[in-house]
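> Quick one: this structure, given as structure tokens, is what I'll be asking you about.
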6 protein chains.
Amino acid sequence: MFPGATADPSAPAYTVVGAPLDVSASFRPGARFGPERVRRFAETFEDYDRATDQSFSTLGVADRGNVHAWTDAEEYCDYLASVCREVVRDGAIPLVIGGEHTVSLGPIRAIDPEVVVVCDAHLDLREAYDGDPWSHSTVTRHALDTADEAVILGARSGSEAEWSRAEADDVTVVEPAAVADWTPPAAFAGRDVYLSVDVDAADPAYAPGTGTPEPYGLTSRELRDVVRAVAPHAAGVDVVEVNDRDDGQAATLAAKLLRDFVFAHADANADAADDASAGDDQ
Amino acid sequence: MFPGATADPSAPAYTVVGAPLDVSASFRPGARFGPERVRRFAETFEDYDRATDQSFSTLGVADRGNVHAWTDAEEYCDYLASVCREVVRDGAIPLVIGGEHTVSLGPIRAIDPEVVVVCDAHLDLREAYDGDPWSHSTVTRHALDTADEAVILGARSGSEAEWSRAEADDVTVVEPAAVADWTPPAAFAGRDVYLSVDVDAADPAYAPGTGTPEPYGLTSRELRDVVRAVAPHAAGVDVVEVNDRDDGQAATLAAKLLRDFVFAHADANADAADDASAGDDQ
Amino acid sequence: MFPGATADPSAPAYTVVGAPLDVSASFRPGARFGPERVRRFAETFEDYDRATDQSFSTLGVADRGNVHAWTDAEEYCDYLASVCREVVRDGAIPLVIGGEHTVSLGPIRAIDPEVVVVCDAHLDLREAYDGDPWSHSTVTRHALDTADEAVILGARSGSEAEWSRAEADDVTVVEPAAVADWTPPAAFAGRDVYLSVDVDAADPAYAPGTGTPEPYGLTSRELRDVVRAVAPHAAGVDVVEVNDRDDGQAATLAAKLLRDFVFAHADANADAADDASAGDDQ
Amino acid sequence: MFPGATADPSAPAYTVVGAPLDVSASFRPGARFGPERVRRFAETFEDYDRATDQSFSTLGVADRGNVHAWTDAEEYCDYLASVCREVVRDGAIPLVIGGEHTVSLGPIRAIDPEVVVVCDAHLDLREAYDGDPWSHSTVTRHALDTADEAVILGARSGSEAEWSRAEADDVTVVEPAAVADWTPPAAFAGRDVYLSVDVDAADPAYAPGTGTPEPYGLTSRELRDVVRAVAPHAAGVDVVEVNDRDDGQAATLAAKLLRDFVFAHADANADAADDASAGDDQ
Amino acid sequence: MFPGATADPSAPAYTVVGAPLDVSASFRPGARFGPERVRRFAETFEDYDRATDQSFSTLGVADRGNVHAWTDAEEYCDYLASVCREVVRDGAIPLVIGGEHTVSLGPIRAIDPEVVVVCDAHLDLREAYDGDPWSHSTVTRHALDTADEAVILGARSGSEAEWSRAEADDVTVVEPAAVADWTPPAAFAGRDVYLSVDVDAADPAYAPGTGTPEPYGLTSRELRDVVRAVAPHAAGVDVVEVNDRDDGQAATLAAKLLRDFVFAHADANADAADDASAGDDQ
Amino acid sequence: MFPGATADPSAPAYTVVGAPLDVSASFRPGARFGPERVRRFAETFEDYDRATDQSFSTLGVADRGNVHAWTDAEEYCDYLASVCREVVRDGAIPLVIGGEHTVSLGPIRAIDPEVVVVCDAHLDLREAYDGDPWSHSTVTRHALDTADEAVILGARSGSEAEWSRAEADDVTVVEPAAVADWTPPAAFAGRDVYLSVDVDAADPAYAPGTGTPEPYGLTSRELRDVVRAVAPHAAGVDVVEVNDRDDGQAATLAAKLLRDFVFAHADANADAADDASAGDDQ
Ligand SMILES: [Mn+2]
Ligand SMILES: [Mn+2]
Ligand SMILES: [Mn+2]
Ligand SMILES: [Mn+2]
Ligand SMILES: [Mn+2]
Ligand SMILES: [Mn+2]
Ligand SMILES: [Mn+2]
Ligand SMILES: [Mn+2]
Ligand SMILES: [Mn+2]
Ligand SMILES: [Mn+2]
Ligand SMILES: [Mn+2]
Ligand SMILES: [Mn+2]
């Protein structure tokens with residue numbers, strides 16, 4: 001269980017879903033250990049968050065455990081989508097822990113967002129990789145089958161074809177050096193947003209334990225600021241591509257980002273609720 | 001290149017083929033690193049073998065490199081079979097380094113043996129695993145589509161259905177404690193034999209770096225004796241399921257077993273050739 | 001959850017209890033990771049056991065999770081004893097996973113056996129270690145406060161005072177070389193027996209991941225034979241001193257031994273039940 | 001021996017004391033290996049420091065070795081305090097290497113400072129943790145029993161109660177983003193200051209090998225600047241919470257910070273002595 | 001083979017040469033694994049580079065493999081120089097992967113540059129180390145036997161004698177904090193420049209796997225900017241001191257820097273060629 | 001300090017000498033960490049030895065620390081020999097911890113034995129390796145410059161030339177399978193014997209952390225029996241080729257073997273002394 005995910009599972013506000021898919025890693029496998037490892041390294045954190053004056057265990061997070069994965073990524077994403085639809089139908093925000101990046105398609109299909117915000121070193125806009133149309137390097141392209149628009153933060157790697165695809169109107173790429181200055185555009189306010197965090201968006205110094213590490217990435221604080229900024233607008237989140245091939249850095253960071261999402265989302269929603277009820281009072 | 005595999009690639013007696021397939025590992029992935037790792041740890045060995053008074057580099061071994069793997073195991077085995085058919089057509093004995101156990105189907109289809117001898121902790125006689133009919137745990141069952149008979153040495157794990165299947169006439173199981181006393185039956189003499197070595201046949205003390213370690217296995221010397229005994233009868237061999245999750249023990253053992261196969265096979269063939277030419281002389 | 005521990009928790013036949021105490025390790029800490037690690041490495045095993053023709057998941061095993069540990073070993077053992085008393089009162093056999101060896105005192109106090117059989121490289125008969133009377137090196141001495149007799153299998157290390165203590169009538173030491181020939185004495189038949197397995201009884205080749213490795217130990221098969229032989233007589237078992245400082249060997253072996261205990265115990269009980277009901281028929 | 005700690009032990013200016021206490025780690029143990037590891041990774045450094053034009057081996061550093069630790073943290077800190085009192089009585093500045101953070105209480109009691117400057121991700125202001133009033137997470141609260149004031153640099157984690165405690169007049173918290181601009185207040189000039197460096201103040205990228213890693217921390221240069229700035233005012237220092245669960249990053253950084261303390265302290269003292277003797281000249 | 005180094009080896013534009021010398025490491029050996037490891041971790045990268053709109057595999061890079069090393073560094077550098085002379089004579093730019101830093105003397109002697117730009121935490125200006133005049137800590141001094149001038153970027157460690165030597169006119173030291181603002185001086189334009197990258201120039205957070213890690217170093221982006229800026233002027237490059245004692249960070253960074261060198265060099269050369277042919281047109 | 005090596009250094013019976021030479025490793029370096037690591041893993045052992053009823057700390061063992069190594073193996077062995085001569089002149093038995101095997105030449109030259117007993121997977125009878133006449137693979141040949149005879153136990157690897165050399169009258173090779181039945185010949189009684197233990201004599205299961213692991217080796221008990229049998233005749237011993245590339249198995253075994261040497265040697269000497277004094281009494 002994710003530490004502090006002690007909510008009554010019948011009516012949670014947020015639901016952790018582990019998605020240990022691990023078939024298409026082209027370099028270093030082990031993303032299957034991500035969910036277990038992220039939960040384990042989350043044990044070091046305090047329940048209380050100073051920035052928002054909230055305690056994690058009071059925010060209604062439940063942990064549904066892992067959705068057992070097999071070798072057919074396409075089928076698995078379908079099944080994961082059905083699990084996430086249940087989560088959403090029950091009124092909860094899905095917090096998905098990968099597994100390889102492909103698993104984002106589960107919550108994305110369940111949520112059907114207008115905008116997908118992706119933190120990633122890679123564009124992930126391929127048609128296929130080594131003949132596999134469900135490779136993790138295709139996930140943002142698949143996401144655009146569902147969403148109208150993708151914003152890719154921290155991207156620094158892609159094939160020539162992917163960079164061409166990225167020039168289309170429905171894709172915005174923010175290079176690593178520009179991420180610190182990025183803020184969610186005003187247009188996010190009224191739209192359904194989904195946030196996907198591939199931990200390789202961070203520099204390998206901050207997250208060595210990932211399948212395809214890529215230098216020159218974001219610092220941990222830059223990633224935090226993106227997550228905290230996007231969370232108030234988001235209807236779901238995932239952190240993916242954490243494996244067990246480091247000394248805990250990647251899992252520690254991923255666990256922290258997931259908590260930051262919850263704190264920022266809950267804080268914004270509470271404010272919104274306060275505003276609403278303040279309005280009611282009049 | 002496998003150390004000492006310096007033969008003229010146009011007419012080798014033995015051909016190393018790396019087969020880094022790594023999709024169906026149910027527990028710990030990393031078999032994709034097996035070929036690279038086995039070659040690397042083979043660097044510690046002397047060229048010369050005292051037991052047979054031969055030097056490895058004189059025995060006609062070439063290294064074809066790796067057959068790049070992707071996520072479709074069925075297609076990959078087909079392709080690997082075609083590569084191995086070339087090897088065999090060119091008159092060479094394939095020495096395949098996995099990768100997961102499924103890759104044995106490549107050389108087995110190329111050689112079409114009557115008997116398959118398998119060293120393995122597991123029966124690998126499943127129909128499918130998690131819906132995947134090409135899981136590494138199905139390889140011996142698939143092998144029996146090609147071969148008439150399987151002898152499984154060191155097996156100590158299987159589902160109830162697998163053990164039932166193992167009672168059929170075409171399967172012989174030799175439990176670990178009986179392996180030391182096992183010798184190839186006389187019937188092997190005139191038959192086409194293939195040898196497949198899943199490194200998990202060894203006790204995890206001897207080969208911790210494997211996908212599904214199973215205690216109570218063979219010692220390294222017991223495995224060596226099997227390989228040396230079967231090699232003279234064999235038309236091909238593989239060593240599989242070595243990953244990079246130990247300090248080199250599994251790769252060191254696998255590399256040594258592969259060399260022992262070559263030494264024993266070459267020695268027996270040389271003797272046979274001597275006998276034949278001795279006969280010619282008369 | 002221990003794989004296959006799917007029994008209805010209200011009336012299990014066996015109950016897994018994790019006891020991650022980790023305060024007195026004098027050399028390498030990490031026994032706190034034992035319960036998690038043993039459960040994880042148990043995932044590689046088949047549900048079915050050929051030797052006894054039983055499936056683990058049908059034998060009534062439940063997993064109560066871990067009993068959270070703190071830094072006071074004495075208090076913790078008291079609390080763990082109360083948890084184990086509940087397990088026993090509910091009619092189940094406790095299967096305790098350490099944690100340091102001290103945790104054996106929990107189930108031993110709950111069961112109050114006449115005989116304690118301990119597999120261990122060390123005598124663990126100290127009065128105290130570094131002033132700590134609850135050090136893991138005192139556990140067998142504490143056990144003798146409850147039990148009438150201790151049999152220590154595989155012991156090869158102790159202080160001079162411990163070896164003197166071991167000469168008393170209530171202690172039997174079986175040195176490693178003699179373990180293969182040891183069988184439970186006839187007197188075990190009618191007595192309450194408890195089995196404690198310190199994984200360092202095994203040679204470090206078989207279980208490097210332990211707090212105080214000691215060469216010249218048992219092979220994995222020797223340990224298995226002891227566990228299978230003692231289990232039919234035993235009212236409880238623990239496997240302790242597994243840490244995370246190896247490539248999985250210690251946890252794999254410990255998980256296997258725990259399963260072997262259950263298979264052998266269930267098999268003997270089923271036979272006994274059969275005999276009894278056969279008797280009833282007359 | 002700490003490399004370069006070659007001073008005559010009868011009259012050193014600085015004395016290294018290893019304090020391998022390791023009982024209260026709530027997540028990952030191993031701080032007991034800190035002293036050995038910090039000394040070992042210090043071997044990579046040059047004797048000479050460019051910034052201050054001094055050689056470490058000429059600054060009068062001796063190494064007293066480790067004060068053997070046991071499982072009672074309270075008793076151990078008392079004993080360590082007595083050792084540090086000897087160090088201070090002999091006119092030396094203690095340089096303590098932990099061990100868990102609790103060990104700071106040894107030198108703090110020996111020095112009895114007015115101000116404690118703590119670099120730490122955590123407030124460490126708890127009353128107790130899991131019932132243990134000597135947990136490493138209580139050390140700054142205990143320090144305030146001795147000192148009048150604590151300045152906590154880089155703190156980003158604490159319970160709600162700890163943050164409340166931190167609002168009292170005797171605690172100043174400088175959040176990570178503000179540390180780069182922090183300088184010792186003028187009031188430090190005439191006061192007794194002690195510096196405690198919990199290596200987890202650094203971001204896990206810089207110090208993964210620590211018991212409770214916390215993202216969003218300081219860079220190595222930020223930590224260096226704090227150490228260099230505080231050292232001239234300090235009567236003692238410790239670096240704590242380094243364990244052996246990384247590839248040397250934490251120990252390398254801790255060793256460097258300890259040396260930087262000595263260089264900066266000696267440089268300031270030499271200047272002061274020069275000023276004083278310059279004054280004498282008049 | 002370095003991924004993408006697919007050029008016709010008879011007329012490459014760039015030639016990768018592995019130089020696994022590993023004898024003089026004073027702290028942590030393993031630089032011998034650098035060439036294999038750098039090539040392996042380069043597999044994660046896309047062929048295409050967005051910054052220069054080029055594909056690596058089209059830039060004429062060939063891989064000559066490793067120049068087998070032995071224990072005599074002086075002889076080895078002589079031999080490596082002869083290999084690099086062949087590379088240069090064939091019109092290619094050598095891309096050398098160490099091995100310990102001493103190997104830079106091979107390409108430097110082959111190229112005979114006027115200026116050597118060195119990224120390094122250490123001055124490497126010693127006469128000898130432990131009596132060994134070919135220690136890696138002497139390489140920049142040896143380089144100045146060939147070159148007229150050395151620029152050392154990121155240096156923060158040296159003996160007193162080395163810092164004195166560094167004050168001579170032929171050495172420029174740029175401390176880590178000043179590297180971000182450094183650009184190649186105008187004088188580089190018409191001169192033969194060689195670039196040597198000791199991976200320990202980076203902070204250990206970015207490259208823990210190196211022989212003598214030194215805190216307070218460069219970020220990965222700072223190193224990239226240096227490499228990209230110097231490459232257009234350079235006639236050769238090396239990346240050295242990568243070992244296998246981390247989770248891939250050092251090798252990943254080194255591989256990326258080597259590619260960045262090629263991209264920047266090729267891009268500048270292409271522009272120059274364009275300019276030249278534009279001139280021809282008139 | 002080796003644990004228990006608490007003898008007055010002015011007149012020890014045994015002297016530990018660390019010899020961290022590490023230049024000629026052809027595969028995996030790290031033997032330089034052997035002395036530190038062997039001492040560290042010896043901390044797990046009890047002071048008392050049951051087999052001989054002795055306490056290690058009472059047997060007069062002192063630890064001289066390490067003899068700092070540099071890159072010239074020939075010079076180093078000369079220097080180490082002079083250190084060992086001092087040890088011998090002071091009446092002590094040298095206990096040398098390598099370092100690579102070459103270091104045996106230090107104590108061998110100091111002792112000038114008639115017989116050298118070597119436990120080793122390798123013959124080490126080369127003239128040179130890669131042009132290096134002081135490679136660890138030449139040590140037994142060099143030893144025969146001093147000694148009249150070498151007995152090599154557990155050897156299973158060598159070049160053809162080495163095996164030829166091994167057929168000479170002054171070399172006896174006992175293959176691994178024959179070691180269990182080997183006992184010191186009667187002729188040892190009156191001769192000066194030296195014992196050298198290359199830890200790779202053990203199977204890699206028992207000692208993975210060594211430079212050139214070779215399967216099919218000795219068990220830990222077989223090695224112990226050799227050490228205990230030879231010790232009474234020996235005037236010196238070394239354990240070599242332990243590196244830091246495993247989870248402690250090699251160092252634990254090496255430390256234990258060194259202690260077993262001391263226990264067996266002291267026990268035999270005490271008996272001899274008793275016999276002598278018994279004779280005196282008459
Ligand atoms: Mn991605
Ligand atoms: Mn990515
Ligand atoms: Mn198999
Ligand atoms: Mn298997
Ligand atoms: Mn015990
Ligand atoms: Mn024990
Ligand atoms: Mn702290
Ligand atoms: Mn802290
Ligand atoms: Mn350098
Ligand atoms: Mn350097
Ligand atoms: Mn040797
Ligand atoms: Mn050897």
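Identifiers for the structure tokens are assigned positionally: chains receive A, B, ... in sequence, residues are indexed from 1 per chain, and ligands are indexed from 1 in the order shown.
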Contacts of Thr183 (chain D) at 7 Å or less, counting only C-alpha atoms, minus same-chain residues fewer than 2 places along, as a PyMOL selection string?

chain D and resi 181+185+229

> Which polymer residues have any atom within 8 Å of an atom of region 120-135 of chain B, counting only C-alpha atoms, with same-chain residues fewer than 2 positions away left out, as a PyMOL selection string?

(chain A and resi 70-71) or (chain B and resi 24-25+73-74+102+118+137-142+152-159+161-163+165-166+197-202+214+217)

> Kindly determine which residues of chain A lie within 12 Å of chain C, considering only C-alpha atoms, and give the answer as a PyMOL selection string.

chain A and resi 1+33+36-37+40+65

> Any chance you can output those residues with C-alpha atoms as a PDB file, in the first residue's frame?


```
ATOM      1  CA  MET A   1       0.000   0.000   0.000  1.00  0.00           C
ATOM      2  CA  PHE A  33       9.341  -3.118 -10.213  1.00  0.00           C
ATOM      3  CA  GLU A  36       6.486  -1.778  -5.577  1.00  0.00           C
ATOM      4  CA  ARG A  37       9.571   0.410  -5.426  1.00  0.00           C
ATOM      5  CA  ARG A  40       8.514   1.429  -0.678  1.00  0.00           C
ATOM      6  CA  GLY A  65      -2.859  -2.427  -5.597  1.00  0.00           C
TER       7      GLY A  65
END
```

> So that I can see what lies close to Val87 (chain E), please list as a PyMOL selection string the residues with an atom at most 9 Å from it, counting only C-alpha atoms and leaving out residues fewer than 5 positions away in the same chain.

chain E and resi 12+14-15+82+92-94+110

> Just the residues within 8 Å of Leu253 (chain A), please, counting only C-alpha atoms, with nothing from its chain fewer than 4 positions along; format it as a list in words.

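So the residues in contact are Tyr206, Ala207, Ser220, Gln249 and Leu257 of chain A; Pro215 of chain D.
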
> For the residues selected in the previous step, produce a file with N, CA and C atoms as an mmCIF file, in the first residue's frame.


```cif
data_model
loop_
_atom_site.group_PDB
_atom_site.id
_atom_site.type_symbol
_atom_site.label_atom_id
_atom_site.label_comp_id
_atom_site.auth_asym_id
_atom_site.auth_seq_id
_atom_site.Cartn_x
_atom_site.Cartn_y
_atom_site.Cartn_z
ATOM 1 N N TYR A 206 19.387 12.726 -11.068
ATOM 2 C CA TYR A 206 18.249 12.707 -10.155
ATOM 3 C C TYR A 206 17.429 11.424 -10.261
ATOM 4 N N ALA A 207 17.539 10.728 -11.388
ATOM 5 C CA ALA A 207 16.728 9.529 -11.587
ATOM 6 C C ALA A 207 17.470 8.523 -12.469
ATOM 7 N N SER A 220 15.245 18.091 -9.904
ATOM 8 C CA SER A 220 14.074 17.625 -9.165
ATOM 9 C C SER A 220 13.132 18.783 -8.840
ATOM 10 N N GLN A 249 17.134 6.553 -6.114
ATOM 11 C CA GLN A 249 16.881 7.947 -6.482
ATOM 12 C C GLN A 249 15.606 8.112 -7.305
ATOM 13 N N LEU A 257 6.912 13.162 -6.232
ATOM 14 C CA LEU A 257 6.120 13.887 -7.227
ATOM 15 C C LEU A 257 4.650 13.481 -7.154
ATOM 16 N N PRO D 215 13.814 14.414 -1.628
ATOM 17 C CA PRO D 215 14.109 15.231 -2.816
ATOM 18 C C PRO D 215 14.060 16.737 -2.558
#
```

> Can you work out the spacing between CA of Leu95 (chain E) and CA of Gly236 (chain E) in Å, to one decimal?

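Computing the Euclidean distance for CA of Leu95 (chain E) and CA of Gly236 (chain E) yields 6.3 Å.
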
> Have a look at CA of Ala268 (chain C) and CA of Ala251 (chain C) and let me know their distance in Å, one decimal.

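If I compute the distance from CA of Ala268 (chain C) to CA of Ala251 (chain C), I get 25.7 Å.
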
> Please, which residues of region 12-86 of chain E, numbered as in this document, come out helix (DSSP H, G or I) from DSSP, as a VMD selection string?

chain E and resid 31 to 44 56 to 58 73 to 86

> When you draw a straight line from CA of Ile111 (chain C) to CA of Leu144 (chain C), how long is it in Å?

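Between CA of Ile111 (chain C) and CA of Leu144 (chain C) the gap is 13.0 Å.
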
> Near Thr146 (chain A), within 12 Å and counting only C-alpha atoms, which residues show up once chain neighbours fewer than 6 positions away are dropped, as a count of residues only?

19

> Assign secondary structure with DSSP using the backbone only, and return the residues of region 8-134 of chain C in strand (DSSP E) as a PyMOL selection string.

chain C and resi 14-19+48-49+54-55+61-66+93-98+115-119

> Output the selection as a compact mmCIF listing (two decimals), in the first residue's frame - N, CA and C atoms for each residue.


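Written out: again-v8.txt:
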```txt
# COMPACT_ATOMS: atom_id res chain seq x y z
N TYR C 14 -2.58 -22.02 8.54
CA TYR C 14 -1.24 -21.47 8.75
C TYR C 14 -1.33 -19.95 8.59
N THR C 15 -0.58 -19.23 9.39
CA THR C 15 -0.61 -17.77 9.26
C THR C 15 0.80 -17.20 9.18
N VAL C 16 1.07 -16.54 8.06
CA VAL C 16 2.35 -15.85 7.89
C VAL C 16 2.33 -14.56 8.71
N VAL C 17 3.39 -14.35 9.48
CA VAL C 17 3.55 -13.12 10.25
C VAL C 17 4.94 -12.56 9.98
N GLY C 18 5.00 -11.37 9.43
CA GLY C 18 6.30 -10.73 9.22
C GLY C 18 6.74 -10.01 10.48
N ALA C 19 8.01 -10.16 10.82
CA ALA C 19 8.52 -9.57 12.07
C ALA C 19 9.85 -8.87 11.79
N TYR C 48 2.30 -25.67 -7.05
CA TYR C 48 2.23 -27.13 -6.86
C TYR C 48 3.55 -27.70 -6.37
N ASP C 49 3.48 -28.64 -5.44
CA ASP C 49 4.66 -29.33 -4.93
C ASP C 49 4.61 -30.80 -5.32
N GLN C 54 0.67 -31.61 -3.56
CA GLN C 54 -0.24 -30.62 -2.98
C GLN C 54 -0.01 -29.26 -3.64
N SER C 55 -1.04 -28.42 -3.61
CA SER C 55 -0.90 -27.04 -4.07
C SER C 55 -0.90 -26.11 -2.87
N VAL C 61 -3.22 -21.25 3.94
CA VAL C 61 -2.26 -20.27 4.44
C VAL C 61 -2.82 -18.85 4.28
N ALA C 62 -2.81 -18.08 5.35
CA ALA C 62 -3.16 -16.66 5.28
C ALA C 62 -1.93 -15.84 5.64
N ASP C 63 -1.92 -14.59 5.21
CA ASP C 63 -0.79 -13.71 5.53
C ASP C 63 -1.31 -12.51 6.30
N ARG C 64 -0.89 -12.42 7.55
CA ARG C 64 -1.35 -11.34 8.43
C ARG C 64 -0.58 -10.07 8.20
N GLY C 65 0.38 -10.07 7.29
CA GLY C 65 1.23 -8.88 7.10
C GLY C 65 2.31 -8.80 8.16
N ASN C 66 2.93 -7.64 8.24
CA ASN C 66 4.03 -7.46 9.18
C ASN C 66 3.55 -6.87 10.50
N ILE C 93 -1.12 -22.48 12.58
CA ILE C 93 0.30 -22.65 12.81
C ILE C 93 0.99 -21.34 12.40
N PRO C 94 1.73 -20.69 13.28
CA PRO C 94 2.42 -19.46 12.84
C PRO C 94 3.65 -19.75 11.97
N LEU C 95 3.76 -18.99 10.91
CA LEU C 95 4.92 -19.02 10.00
C LEU C 95 5.55 -17.63 10.08
N VAL C 96 6.55 -17.48 10.91
CA VAL C 96 7.10 -16.15 11.17
C VAL C 96 8.32 -15.90 10.28
N ILE C 97 8.35 -14.71 9.67
CA ILE C 97 9.48 -14.32 8.85
C ILE C 97 10.18 -13.13 9.51
N GLY C 98 11.46 -13.35 9.91
CA GLY C 98 12.23 -12.25 10.51
C GLY C 98 12.84 -11.41 9.44
N VAL C 115 10.27 -28.81 22.88
CA VAL C 115 11.55 -28.87 22.17
C VAL C 115 11.63 -27.74 21.14
N VAL C 116 12.78 -27.10 21.12
CA VAL C 116 13.03 -26.13 20.06
C VAL C 116 14.15 -26.68 19.18
N VAL C 117 13.86 -26.83 17.90
CA VAL C 117 14.89 -27.23 16.94
C VAL C 117 15.34 -25.97 16.22
N VAL C 118 16.64 -25.71 16.27
CA VAL C 118 17.18 -24.49 15.67
C VAL C 118 18.23 -24.84 14.63
N CYS C 119 18.03 -24.36 13.41
CA CYS C 119 19.10 -24.44 12.40
C CYS C 119 19.86 -23.12 12.46
```
